[in-house]
file work25.txt (compact mmCIF, C-alpha atoms)
# COMPACT_ATOMS: atom_id res chain seq x y z
CA MET A 1 78.13 21.24 -50.35
CA PHE A 2 80.06 22.35 -47.29
CA LEU A 3 82.81 24.84 -46.51
CA ALA A 4 86.09 23.42 -45.25
CA LYS A 5 89.67 24.37 -44.48
CA VAL A 6 92.46 22.32 -46.04
CA ILE A 7 94.44 20.94 -43.10
CA GLY A 8 96.78 18.60 -44.94
CA HIS A 9 97.00 15.86 -47.51
CA VAL A 10 97.23 12.07 -47.69
CA VAL A 11 100.29 10.36 -49.17
CA ALA A 12 99.49 6.85 -50.36
CA THR A 13 101.84 4.80 -52.53
CA LYS A 14 99.70 1.66 -52.61
CA LYS A 15 96.27 2.52 -54.02
CA ASP A 16 93.60 1.77 -56.57
CA ASP A 17 95.07 2.19 -60.09
CA LYS A 18 92.51 4.80 -61.05
CA MET A 19 93.63 7.00 -58.12
CA LYS A 20 97.27 7.26 -59.30
CA GLY A 21 98.37 10.85 -59.71
CA ARG A 22 95.35 12.18 -57.83
CA LYS A 23 95.74 14.53 -54.89
CA LEU A 24 93.90 13.57 -51.72
CA LEU A 25 93.35 16.43 -49.28
CA LEU A 26 92.40 16.37 -45.61
CA LEU A 27 89.55 18.80 -44.92
CA ARG A 28 88.04 20.15 -41.69
CA PRO A 29 84.46 21.39 -42.28
CA GLN A 30 83.84 25.01 -41.23
CA LEU A 31 80.47 25.78 -39.64
CA VAL A 32 79.04 29.17 -38.74
CA ASP A 33 79.25 29.65 -34.97
CA PRO A 34 75.70 30.28 -33.65
CA GLU A 35 77.16 32.15 -30.66
CA ASP A 36 79.06 34.53 -33.00
CA PRO A 37 77.99 34.28 -36.66
CA THR A 38 80.99 36.38 -37.80
CA LYS A 39 83.20 33.40 -36.98
CA PHE A 40 83.48 29.77 -38.04
CA LYS A 41 84.02 26.81 -35.78
CA ASP A 42 85.59 23.49 -36.77
CA GLY A 43 83.27 20.60 -37.53
CA SER A 44 84.02 17.47 -35.54
CA ASN A 45 85.01 15.24 -38.45
CA THR A 46 87.97 15.06 -40.88
CA VAL A 47 87.09 14.38 -44.50
CA VAL A 48 89.32 13.08 -47.30
CA ALA A 49 88.51 14.68 -50.66
CA VAL A 50 89.99 14.20 -54.11
CA ASP A 51 91.15 17.53 -55.53
CA GLY A 52 91.54 18.69 -59.12
CA MET A 53 91.57 22.41 -58.26
CA GLY A 54 95.03 22.62 -56.70
CA ALA A 55 93.94 23.81 -53.28
CA GLY A 56 96.71 24.46 -50.76
CA LYS A 57 96.96 24.00 -47.00
CA GLY A 58 95.11 26.71 -45.12
CA GLU A 59 92.78 27.61 -47.99
CA MET A 60 89.00 27.53 -47.64
CA VAL A 61 87.33 25.24 -50.19
CA LEU A 62 83.87 24.00 -51.15
CA PHE A 63 83.43 20.21 -51.26
CA VAL A 64 80.69 17.90 -52.53
CA GLN A 65 79.82 14.39 -51.31
CA GLY A 66 78.08 11.26 -52.48
CA SER A 67 77.44 10.24 -56.06
CA SER A 68 77.72 13.90 -57.17
CA ALA A 69 81.44 13.81 -56.34
CA ARG A 70 82.01 11.76 -59.50
CA ALA A 71 80.36 14.50 -61.59
CA THR A 72 83.31 16.79 -60.78
CA GLU A 73 85.51 17.52 -63.81
CA GLY A 74 87.66 14.51 -64.60
CA MET A 75 86.42 12.42 -61.65
CA LYS A 76 83.95 10.16 -63.48
CA PRO A 77 86.14 7.03 -63.51
CA LEU A 78 87.23 7.42 -59.88
CA PRO A 79 85.64 5.46 -57.03
CA VAL A 80 85.35 8.60 -54.87
CA ASP A 81 82.58 9.97 -52.66
CA CYS A 82 84.04 13.39 -51.87
CA ALA A 83 85.60 16.04 -54.11
CA VAL A 84 86.74 19.66 -53.92
CA VAL A 85 84.56 21.71 -56.31
CA GLY A 86 85.74 25.25 -55.62
CA ILE A 87 88.29 27.53 -54.01
CA VAL A 88 86.38 30.01 -51.80
CA ASP A 89 86.95 33.72 -52.43
CA THR A 90 84.46 35.29 -49.97
CA VAL A 91 81.85 34.24 -47.44
CA ASP A 92 79.15 36.67 -46.29
CA VAL A 93 77.09 35.87 -43.20
CA LEU A 94 74.08 38.03 -42.24
CA GLY A 95 75.42 40.94 -44.29
CA THR A 96 79.02 40.86 -43.00
CA GLN A 97 81.97 39.47 -44.94
CA THR A 98 83.36 36.82 -42.61
CA TYR A 99 86.02 35.35 -44.93
CA LYS A 100 88.17 36.69 -47.74
CA ALA A 101 90.88 34.64 -49.45
CA LYS A 102 94.35 36.09 -49.18
CA MET B 103 60.08 4.68 -46.59
CA ILE B 104 59.41 6.50 -43.34
CA ARG B 105 56.38 7.13 -41.12
CA ALA B 106 55.44 10.73 -40.55
CA ARG B 107 52.71 12.95 -39.18
CA VAL B 108 51.25 15.69 -41.40
CA GLU B 109 51.64 18.95 -39.47
CA GLY B 110 50.93 21.61 -42.09
CA ASN B 111 51.56 22.78 -45.62
CA VAL B 112 53.56 25.41 -47.49
CA VAL B 113 52.85 27.77 -50.38
CA SER B 114 55.62 28.48 -52.90
CA THR B 115 55.22 30.43 -56.15
CA MET B 116 58.93 30.49 -57.10
CA CYS B 117 59.83 26.81 -57.22
CA HIS B 118 61.28 24.28 -59.62
CA GLU B 119 58.88 23.72 -62.55
CA THR B 120 58.38 20.02 -61.72
CA MET B 121 56.89 20.97 -58.33
CA ARG B 122 54.21 23.32 -59.66
CA GLY B 123 50.64 22.33 -58.97
CA TRP B 124 51.47 19.86 -56.18
CA ARG B 125 50.29 20.19 -52.59
CA LEU B 126 53.40 20.49 -50.45
CA LEU B 127 52.84 19.08 -46.97
CA ILE B 128 55.00 19.56 -43.88
CA CYS B 129 55.67 16.06 -42.54
CA GLN B 130 57.31 15.26 -39.20
CA PRO B 131 59.08 11.86 -39.32
CA ILE B 132 58.11 9.68 -36.34
CA ASP B 133 59.13 6.34 -34.83
CA GLU B 134 56.89 3.38 -33.97
CA GLU B 135 55.76 5.15 -30.77
CA ASP B 136 54.89 8.34 -32.66
CA ARG B 137 57.86 10.23 -31.23
CA ASP B 138 59.54 12.90 -33.39
CA LEU B 139 62.63 11.77 -35.32
CA GLY B 140 64.65 14.74 -36.59
CA GLN B 141 63.36 17.81 -38.40
CA PRO B 142 60.19 18.13 -40.52
CA VAL B 143 60.47 17.58 -44.29
CA MET B 144 58.31 18.77 -47.18
CA ALA B 145 56.67 16.13 -49.40
CA ILE B 146 54.40 16.28 -52.44
CA ASP B 147 51.01 14.72 -51.82
CA PRO B 148 49.05 12.80 -54.47
CA GLN B 149 46.93 11.05 -51.79
CA GLY B 150 45.06 13.99 -50.25
CA ALA B 151 46.29 13.59 -46.68
CA GLY B 152 44.91 15.96 -44.04
CA VAL B 153 46.72 17.67 -41.19
CA GLY B 154 47.02 15.28 -38.25
CA SER B 155 47.03 12.10 -40.33
CA THR B 156 49.87 9.58 -40.14
CA ILE B 157 51.39 8.78 -43.51
CA VAL B 158 54.13 6.81 -45.25
CA ILE B 159 56.61 8.83 -47.34
CA THR B 160 59.16 7.57 -49.84
CA THR B 161 62.60 9.16 -49.63
CA ASP B 162 63.89 7.73 -52.90
CA GLY B 163 63.92 9.98 -55.96
CA LYS B 164 63.74 7.19 -58.53
CA GLY B 165 60.24 6.15 -57.43
CA VAL B 166 59.11 9.79 -57.56
CA ARG B 167 60.59 10.27 -61.05
CA GLU B 168 58.74 7.17 -62.28
CA PHE B 169 55.48 8.32 -60.70
CA LEU B 170 55.73 11.82 -62.20
CA GLY B 171 57.09 10.50 -65.49
CA ILE B 172 59.83 13.17 -65.37
CA ASP B 173 63.58 12.56 -65.35
CA LYS B 174 64.83 15.94 -64.28
CA THR B 175 63.06 16.54 -60.98
CA PRO B 176 64.72 17.17 -57.61
CA ILE B 177 61.73 15.82 -55.65
CA ARG B 178 62.47 12.77 -53.51
CA ASN B 179 59.79 12.95 -50.80
CA MET B 180 56.30 11.82 -51.80
CA ILE B 181 53.36 10.56 -49.76
CA LEU B 182 52.69 6.92 -50.68
CA ALA B 183 50.00 5.95 -48.18
CA ILE B 184 47.77 7.25 -45.39
CA GLU B 185 47.53 5.05 -42.28
CA ASP B 186 44.05 3.96 -41.18
CA GLU B 187 42.88 5.77 -38.02
CA MET C 188 63.16 18.49 -49.00
CA ARG C 189 64.20 20.39 -45.86
CA PHE C 190 63.48 23.88 -44.61
CA GLY C 191 66.42 26.28 -44.69
CA LYS C 192 67.02 29.94 -43.86
CA VAL C 193 69.39 31.81 -46.16
CA ILE C 194 72.03 33.32 -43.84
CA GLY C 195 74.59 34.36 -46.42
CA LYS C 196 76.44 33.55 -49.60
CA VAL C 197 79.71 32.09 -50.87
CA THR C 198 81.73 33.23 -53.90
CA LEU C 199 84.43 31.13 -55.51
CA SER C 200 87.64 32.28 -57.20
CA ASP C 201 88.01 28.98 -59.03
CA SER C 202 85.35 26.33 -59.49
CA ASP C 203 84.17 23.32 -61.45
CA PRO C 204 83.51 24.32 -65.09
CA SER C 205 79.97 22.91 -65.01
CA TYR C 206 78.69 25.59 -62.58
CA LYS C 207 77.12 28.02 -65.05
CA GLY C 208 75.48 31.10 -63.60
CA GLY C 209 74.58 29.44 -60.36
CA ARG C 210 75.00 31.08 -57.00
CA PHE C 211 75.94 29.51 -53.71
CA LEU C 212 73.72 30.30 -50.73
CA LEU C 213 74.82 29.64 -47.15
CA VAL C 214 71.77 28.06 -45.52
CA SER C 215 70.99 27.21 -41.90
CA PRO C 216 68.58 24.22 -41.65
CA MET C 217 65.44 25.16 -39.71
CA ASP C 218 64.18 23.33 -36.65
CA LYS C 219 60.51 23.00 -35.62
CA ALA C 220 60.54 26.21 -33.57
CA ARG C 221 61.83 28.26 -36.50
CA ILE C 222 59.47 26.58 -38.99
CA SER C 223 56.51 27.50 -36.77
CA GLY C 224 57.60 31.16 -36.93
CA GLU C 225 59.12 31.71 -33.48
CA ASP C 226 61.31 34.80 -33.34
CA LEU C 227 64.72 33.16 -33.02
CA PRO C 228 68.21 33.99 -34.41
CA PRO C 229 68.53 32.74 -38.01
CA VAL C 230 71.59 30.56 -37.30
CA SER C 231 69.98 27.44 -35.84
CA GLY C 232 73.11 25.52 -34.85
CA LEU C 233 72.32 22.64 -37.21
CA PRO C 234 75.31 22.34 -39.61
CA ASP C 235 74.97 25.01 -42.31
CA VAL C 236 74.88 23.82 -45.89
CA VAL C 237 76.06 25.56 -49.07
CA VAL C 238 73.16 25.25 -51.51
CA TYR C 239 73.33 25.74 -55.29
CA ASP C 240 70.73 28.32 -56.36
CA ASN C 241 69.23 29.28 -59.70
CA VAL C 242 65.76 30.15 -58.36
CA GLY C 243 66.92 33.49 -56.92
CA GLY C 244 67.13 33.15 -53.13
CA GLY C 245 68.49 35.98 -50.99
CA LEU C 246 69.46 36.76 -47.40
CA GLY C 247 66.57 36.08 -45.03
CA ASP C 248 64.58 33.87 -47.44
CA THR C 249 63.06 30.59 -46.29
CA ILE C 250 63.75 27.90 -48.86
CA GLY C 251 63.05 24.24 -49.54
CA PHE C 252 66.27 22.45 -50.47
CA VAL C 253 67.11 18.85 -51.38
CA GLU C 254 70.33 17.00 -50.65
CA GLY C 255 72.03 13.93 -52.06
CA GLY C 256 71.76 12.53 -55.57
CA GLU C 257 68.48 14.29 -56.41
CA ALA C 258 70.18 17.67 -55.98
CA SER C 259 71.90 17.17 -59.34
CA ALA C 260 68.80 15.77 -61.13
CA THR C 261 67.71 19.04 -62.78
CA PHE C 262 70.93 19.69 -64.70
CA ASP C 263 71.38 18.79 -68.36
CA GLN C 264 75.07 17.86 -67.89
CA PRO C 265 76.50 15.90 -64.93
CA THR C 266 77.06 18.59 -62.29
CA PRO C 267 78.69 18.12 -58.87
CA VAL C 268 75.88 19.46 -56.69
CA ASP C 269 74.70 17.71 -53.52
CA ALA C 270 72.42 20.49 -52.18
CA PHE C 271 69.94 22.35 -54.42
CA ASN C 272 67.42 25.16 -53.83
CA CYS C 273 64.04 23.88 -55.09
CA ALA C 274 61.65 26.50 -53.76
CA LEU C 275 61.29 29.94 -52.17
CA ILE C 276 58.63 29.51 -49.47
CA ASP C 277 55.94 32.24 -49.40
CA GLU C 278 53.72 30.98 -46.62
CA ILE C 279 53.86 28.30 -43.91
CA SER C 280 50.76 26.82 -42.28
CA TYR C 281 52.04 24.80 -39.35
CA GLN C 282 50.28 23.27 -36.34
CA GLY C 283 47.22 25.44 -36.89
CA LYS C 284 48.95 28.80 -37.50
CA THR C 285 49.71 30.46 -40.82
CA HIS C 286 52.41 33.03 -41.39
CA SER C 287 53.70 34.73 -44.54
CA LEU C 288 57.40 35.12 -45.28
call {"tool": "encode", "arguments": {"input": "work25.txt", "output": "structure tokens"}}
result
Amino acid sequence: MFLAKVIGHVVATKKDDKMKGRKLLLLRPQLVDPEDPTKFKDGSNTVVAVDGMGAGKGEMVLFVQGSSARATEGMKPLPVDCAVVGIVDTVDVLGTQTYKAK
Amino acid sequence: MIRARVEGNVVSTMCHETMRGWRLLICQPIDEEDRDLGQPVMAIDPQGAGVGSTIVITTDGKGVREFLGIDKTPIRNMILAIEDE
Amino acid sequence: MRFGKVIGKVTLSDSDPSYKGGRFLLVSPMDKARISGEDLPPVSGLPDVVVYDNVGGGLGDTIGFVEGGEASATFDQPTPVDAFNCALIDEISYQGKTHSL
């Protein structure tokens, strides 16, 4: 799994039937900065993840990829390869709390 | 499968139950010219490979599950063959 | 199975119902220099992974973790895990040198 910030969502009217009513979020992975481990830096890619947790823009989430994405609650029938599996409350790096949800 | 060079081994007492009793070798994946490709991985070894030998590892869990006869194992790297010197 | 250094942990306020009692370790994948025991900062620069843990890993531990489909193989119910802590490493013998962890 990886940490990511929700940076937006995808609006798609024309889509696979099974995806109707499903929220698709745009995520930017958050990586620990080796130069300053108390901070995160943006990963270089943007990921689209299906979300059943109700995450909002700006929140930090945990996402899973690959075949395991379909094991997320309610996602079994969906042809997805990426899903949000948790809303992050805290992140501790090397003994320091580097993130706390508002 | 991938080619790799055996560069060491690890000892682990607290590990998943399906790994207990297996030699765990540190294997460096290599290309056809024996150059390093990425980071070392750990593989279980039923073949008895020694440090320095070049081996072939499977990276597919299904083959490992069939070999071990266990469904619920996280192991996916296993030494299949040792290259002749 | 890759080498990882536990650099921290993640807690969730809301999560998939199938995560029962598991913890989430923040892990920095180890490169050759770190595997051989060189005294380097624990954050390697390789993208850090959040690894599901029920073996009992803690800050500073060296672990063996698997990624992909096999990461969810040990669970009784389908569980959305793509990185799983398989082993706490006690000792590494690498390129002729042995060191305990």
call {"tool": "atom_distance", "arguments": {"input": "work25.txt", "atom1": "atom CA of Asp136 of chain B", "atom2": "atom CA of Thr161 of chain B"}}
result
18.7 Å
call {"tool": "closest_atom_pairs", "arguments": {"input": "work25.txt", "of": "chain C", "to": "chain B", "cutoff": "12 Å", "atoms": "only C-alpha atoms", "output": "Markdown table"}}
result
| residue | atom | partner | partner_atom | distance |
| --- | --- | --- | --- | --- |
| C:Met188 | CA | B:Met144 | CA | 5.2 |
| C:Arg189 | CA | B:Val143 | CA | 4.9 |
| C:Phe190 | CA | B:Val143 | CA | 7.0 |
| C:Gly191 | CA | B:Val143 | CA | 10.5 |
| C:Pro216 | CA | B:Gln141 | CA | 8.9 |
| C:Met217 | CA | B:Gln141 | CA | 7.8 |
| C:Asp218 | CA | B:Gln141 | CA | 5.8 |
| C:Lys219 | CA | B:Gln141 | CA | 6.5 |
| C:Ala220 | CA | B:Gln141 | CA | 10.1 |
| C:Arg221 | CA | B:Gln141 | CA | 10.7 |
| C:Ile222 | CA | B:Pro142 | CA | 8.6 |
| C:Ser223 | CA | B:Gly110 | CA | 9.7 |
| C:Ser231 | CA | B:Gln141 | CA | 12.0 |
| C:Leu233 | CA | B:Gln141 | CA | 10.2 |
| C:Asp240 | CA | B:His118 | CA | 10.8 |
| C:Asn241 | CA | B:His118 | CA | 9.4 |
| C:Val242 | CA | B:Cys117 | CA | 6.9 |
| C:Gly243 | CA | B:Met116 | CA | 8.5 |
| C:Gly244 | CA | B:Met116 | CA | 9.5 |
| C:Asp248 | CA | B:Met116 | CA | 11.7 |
| C:Thr249 | CA | B:Ser114 | CA | 10.2 |
| C:Ile250 | CA | B:Ser114 | CA | 9.1 |
| C:Gly251 | CA | B:Met144 | CA | 7.6 |
| C:Phe252 | CA | B:Pro176 | CA | 9.0 |
| C:Val253 | CA | B:Pro176 | CA | 6.9 |
| C:Glu254 | CA | B:Pro176 | CA | 8.9 |
| C:Gly255 | CA | B:Pro176 | CA | 9.7 |
| C:Gly256 | CA | B:Gly163 | CA | 8.3 |
| C:Glu257 | CA | B:Pro176 | CA | 4.9 |
| C:Ala258 | CA | B:Pro176 | CA | 5.7 |
| C:Ser259 | CA | B:Pro176 | CA | 7.4 |
| C:Ala260 | CA | B:Lys174 | CA | 5.1 |
| C:Thr261 | CA | B:Lys174 | CA | 4.5 |
| C:Phe262 | CA | B:Lys174 | CA | 7.2 |
| C:Asp263 | CA | B:Lys174 | CA | 8.2 |
| C:Gln264 | CA | B:Lys174 | CA | 11.0 |
| C:Pro265 | CA | B:Lys174 | CA | 11.7 |
| C:Val268 | CA | B:Pro176 | CA | 11.4 |
| C:Asp269 | CA | B:Pro176 | CA | 10.8 |
| C:Ala270 | CA | B:Pro176 | CA | 10.0 |
| C:Phe271 | CA | B:Pro176 | CA | 8.0 |
| C:Asn272 | CA | B:Cys117 | CA | 8.5 |
| C:Cys273 | CA | B:His118 | CA | 5.3 |
| C:Ala274 | CA | B:Cys117 | CA | 3.9 |
| C:Leu275 | CA | B:Met116 | CA | 5.5 |
| C:Ile276 | CA | B:Ser114 | CA | 4.7 |
| C:Asp277 | CA | B:Ser114 | CA | 5.1 |
| C:Glu278 | CA | B:Val113 | CA | 5.0 |
| C:Ile279 | CA | B:Val112 | CA | 4.6 |
| C:Ser280 | CA | B:Gly110 | CA | 5.2 |
| C:Tyr281 | CA | B:Gly110 | CA | 4.3 |
| C:Gln282 | CA | B:Glu109 | CA | 5.5 |
| C:Gly283 | CA | B:Gly110 | CA | 7.4 |
| C:Lys284 | CA | B:Gly110 | CA | 8.8 |
| C:Thr285 | CA | B:Gly110 | CA | 9.0 |
| C:His286 | CA | B:Val112 | CA | 9.8 |
| C:Ser287 | CA | B:Val113 | CA | 9.1 |
| C:Leu288 | CA | B:Val113 | CA | 10.0 |
call {"tool": "write_last_selection", "arguments": {"input": "work25.txt", "atoms": "C-alpha atoms", "output": "CSV table (one decimal), in the frame of the given file"}}
result
chain,number,residue,atom,x,y,z
C,188,MET,CA,63.2,18.5,-49.0
C,189,ARG,CA,64.2,20.4,-45.9
C,190,PHE,CA,63.5,23.9,-44.6
C,191,GLY,CA,66.4,26.3,-44.7
C,216,PRO,CA,68.6,24.2,-41.6
C,217,MET,CA,65.4,25.2,-39.7
C,218,ASP,CA,64.2,23.3,-36.6
C,219,LYS,CA,60.5,23.0,-35.6
C,220,ALA,CA,60.5,26.2,-33.6
C,221,ARG,CA,61.8,28.3,-36.5
C,222,ILE,CA,59.5,26.6,-39.0
C,223,SER,CA,56.5,27.5,-36.8
C,231,SER,CA,70.0,27.4,-35.8
C,233,LEU,CA,72.3,22.6,-37.2
C,240,ASP,CA,70.7,28.3,-56.4
C,241,ASN,CA,69.2,29.3,-59.7
C,242,VAL,CA,65.8,30.2,-58.4
C,243,GLY,CA,66.9,33.5,-56.9
C,244,GLY,CA,67.1,33.2,-53.1
C,248,ASP,CA,64.6,33.9,-47.4
C,249,THR,CA,63.1,30.6,-46.3
C,250,ILE,CA,63.8,27.9,-48.9
C,251,GLY,CA,63.0,24.2,-49.5
C,252,PHE,CA,66.3,22.4,-50.5
C,253,VAL,CA,67.1,18.8,-51.4
C,254,GLU,CA,70.3,17.0,-50.6
C,255,GLY,CA,72.0,13.9,-52.1
C,256,GLY,CA,71.8,12.5,-55.6
C,257,GLU,CA,68.5,14.3,-56.4
C,258,ALA,CA,70.2,17.7,-56.0
C,259,SER,CA,71.9,17.2,-59.3
C,260,ALA,CA,68.8,15.8,-61.1
C,261,THR,CA,67.7,19.0,-62.8
C,262,PHE,CA,70.9,19.7,-64.7
C,263,ASP,CA,71.4,18.8,-68.4
C,264,GLN,CA,75.1,17.9,-67.9
C,265,PRO,CA,76.5,15.9,-64.9
C,268,VAL,CA,75.9,19.5,-56.7
C,269,ASP,CA,74.7,17.7,-53.5
C,270,ALA,CA,72.4,20.5,-52.2
C,271,PHE,CA,69.9,22.4,-54.4
C,272,ASN,CA,67.4,25.2,-53.8
C,273,CYS,CA,64.0,23.9,-55.1
C,274,ALA,CA,61.6,26.5,-53.8
C,275,LEU,CA,61.3,29.9,-52.2
C,276,ILE,CA,58.6,29.5,-49.5
C,277,ASP,CA,55.9,32.2,-49.4
C,278,GLU,CA,53.7,31.0,-46.6
C,279,ILE,CA,53.9,28.3,-43.9
C,280,SER,CA,50.8,26.8,-42.3
C,281,TYR,CA,52.0,24.8,-39.4
C,282,GLN,CA,50.3,23.3,-36.3
C,283,GLY,CA,47.2,25.4,-36.9
C,284,LYS,CA,49.0,28.8,-37.5
C,285,THR,CA,49.7,30.5,-40.8
C,286,HIS,CA,52.4,33.0,-41.4
C,287,SER,CA,53.7,34.7,-44.5
C,288,LEU,CA,57.4,35.1,-45.3
call {"tool": "closest_atom_pairs", "arguments": {"input": "work25.txt", "of": "chain A", "to": "chain C", "cutoff": "8 Å", "atoms": "all atoms listed in the file", "output": "tab-separated table"}}
result
residue	atom	partner	partner_atom	distance
A:Met1	CA	C:Val237	CA	5.0
A:Phe2	CA	C:Val237	CA	5.4
A:Leu3	CA	C:Val237	CA	7.3
A:Leu31	CA	C:Asp235	CA	6.2
A:Val32	CA	C:Asp235	CA	6.8
A:Asp33	CA	C:Gly232	CA	7.4
A:Pro34	CA	C:Val230	CA	5.5
A:Pro37	CA	C:Val230	CA	7.4
A:Met53	CA	C:Ser202	CA	7.5
A:Val64	CA	C:Asp269	CA	6.1
A:Gln65	CA	C:Asp269	CA	6.5
A:Gly66	CA	C:Gly255	CA	6.6
A:Ser67	CA	C:Gly256	CA	6.1
A:Ser68	CA	C:Pro267	CA	4.7
A:Ala69	CA	C:Pro267	CA	5.7
A:Arg70	CA	C:Pro267	CA	7.2
A:Ala71	CA	C:Pro267	CA	4.8
A:Thr72	CA	C:Pro267	CA	5.2
A:Glu73	CA	C:Asp203	CA	6.4
A:Val85	CA	C:Asp203	CA	5.4
A:Gly86	CA	C:Ser202	CA	4.0
A:Ile87	CA	C:Asp201	CA	5.2
A:Val88	CA	C:Leu199	CA	4.3
A:Asp89	CA	C:Leu199	CA	4.7
A:Thr90	CA	C:Thr198	CA	5.2
A:Val91	CA	C:Val197	CA	4.6
A:Asp92	CA	C:Gly195	CA	5.1
A:Val93	CA	C:Gly195	CA	4.3
A:Leu94	CA	C:Ile194	CA	5.4
A:Gly95	CA	C:Gly195	CA	7.0
call {"tool": "atom_distance", "arguments": {"input": "work25.txt", "atom1": "atom CA of Phe40 of chain A", "atom2": "atom CA of Arg22 of chain A"}}
result
29.0 Å
call {"tool": "atom_distance", "arguments": {"input": "work25.txt", "atom1": "atom CA of Ala4 of chain A", "atom2": "atom CA of Glu59 of chain A"}}
result
8.4 Å
call {"tool": "closest_residue", "arguments": {"input": "work25.txt", "among": "A:Lys23, A:Lys57, A:Arg28, A:Lys100", "to": "Val11 of chain A", "atoms": "all atoms listed in the file"}}
result
A:Lys23
call {"tool": "residues_around", "arguments": {"input": "work25.txt", "residues": "Val48 of chain A", "least_positions_apart": "6", "cutoff": "10 Å", "atoms": "all atoms listed in the file", "output": "VMD selection string"}}
result
chain A and resid 6 8 to 10 24 to 28 80 to 84
call {"tool": "closest_residue", "arguments": {"input": "work25.txt", "among": "B:Phe169, B:Ile157, B:Ile132, B:Asp138", "to": "Ile181 of chain B", "atoms": "all atoms listed in the file"}}
result
B:Ile157
call {"tool": "decode", "arguments": {"input": "work25.txt", "residues": "segment 262-275 of chain C", "atoms": "N, CA and C atoms", "output": "compact mmCIF listing (two decimals), in the first residue's frame"}}
result
# COMPACT_ATOMS: atom_id res chain seq x y z
N PHE C 262 -4.32 -14.63 4.30
CA PHE C 262 -5.57 -14.29 5.00
C PHE C 262 -6.66 -15.30 4.70
N ASP C 263 -7.51 -15.54 5.70
CA ASP C 263 -8.63 -16.47 5.50
C ASP C 263 -9.71 -15.86 4.61
N GLN C 264 -9.99 -14.55 4.79
CA GLN C 264 -10.98 -13.87 3.94
C GLN C 264 -10.24 -13.01 2.94
N PRO C 265 -10.86 -12.70 1.78
CA PRO C 265 -10.22 -11.77 0.83
C PRO C 265 -9.92 -10.44 1.52
N THR C 266 -8.66 -10.05 1.51
CA THR C 266 -8.23 -8.84 2.23
C THR C 266 -7.41 -7.98 1.28
N PRO C 267 -7.71 -6.67 1.21
CA PRO C 267 -7.00 -5.80 0.27
C PRO C 267 -5.62 -5.38 0.76
N VAL C 268 -4.66 -6.30 0.67
CA VAL C 268 -3.29 -6.03 1.08
C VAL C 268 -2.38 -6.32 -0.10
N ASP C 269 -1.50 -5.36 -0.46
CA ASP C 269 -0.57 -5.62 -1.55
C ASP C 269 0.88 -5.55 -1.09
N ALA C 270 1.09 -5.42 0.23
CA ALA C 270 2.44 -5.47 0.81
C ALA C 270 2.32 -6.07 2.20
N PHE C 271 3.07 -7.14 2.48
CA PHE C 271 2.89 -7.92 3.70
C PHE C 271 4.23 -8.26 4.34
N ASN C 272 4.33 -8.06 5.68
CA ASN C 272 5.55 -8.38 6.41
C ASN C 272 5.62 -9.88 6.67
N CYS C 273 6.59 -10.57 6.04
CA CYS C 273 6.72 -12.02 6.19
C CYS C 273 7.70 -12.42 7.27
N ALA C 274 8.70 -11.57 7.54
CA ALA C 274 9.78 -12.02 8.43
C ALA C 274 10.52 -10.85 9.07
N LEU C 275 10.87 -11.03 10.37
CA LEU C 275 11.79 -10.10 11.03
C LEU C 275 13.18 -10.73 10.87
